[in-house]
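Trainee: One structure, pasted below without further comment.
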Amino acid sequence: MAVALRERDAAVAAAEARAAAALAGLTEAEGLSLTEALRWCGGLLSGTEAARLRRAARRTAGLELGRDDTTSANAPAPSAQD
């Protein structure tokens with residue numbers, strides 16, 4: 001049962017990552033406002049859920065860039081000498 005739960009969690013995480021990427025595509029690449037993007041979702045995605053997906057996508061992007069949640073967005077980047 002534990003294996004099935006881990007598989008489910010992985011499937012949910014993958015689906016949320018795809019949803020976040022699609023939302024980012026609509027709002028960033030296509031230039032839609034969040035309200036317009038939510039209309040494209042046909043009422044299947046709430047504003048609260050969209051905000052959660054966007055935060056998760058930004059967190060993931062930060063981790064992929066080698067940052068973590070403790071790094072301030074305004075902090076200077078480490079130099080090559082650090």
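Order determines the names: the first chain of the structure tokens is A, the second B, and so forth; residues in each chain are numbered 1 upward, and ligands are numbered 1 upward as they are shown.
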Near region 36-45 of chain A, counting only C-alpha atoms, which residues have an atom at most 8 Å away, once you skip same-chain residues fewer than 5 positions from it, shown as a ChimeraX atom specification?
Mentor: /A:23,26-27,50
Trainee: Please identify all polymer residues within 8 Å of Ala57 (chain A), counting only C-alpha atoms, omitting same-chain residues fewer than 4 positions from it, and present them as a list of chain:residue names.
Mentor: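 These residues fall inside the cut-off: A:Ala17, A:Ala20, A:Ala21, A:Leu53, A:Ala61.
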Trainee: Report, in Å to a single decimal, how far apart CA of Arg8 (chain A) and CA of Leu63 (chain A) are.
Mentor: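 CA of Leu63 (chain A) sits 22.7 Å away from CA of Arg8 (chain A).
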Trainee: So how far away is CA of Ala19 (chain A) from CA of Gly66 (chain A), in Å?
Mentor: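 Between CA of Gly66 (chain A) and CA of Ala19 (chain A) the gap works out to 22.6 Å.
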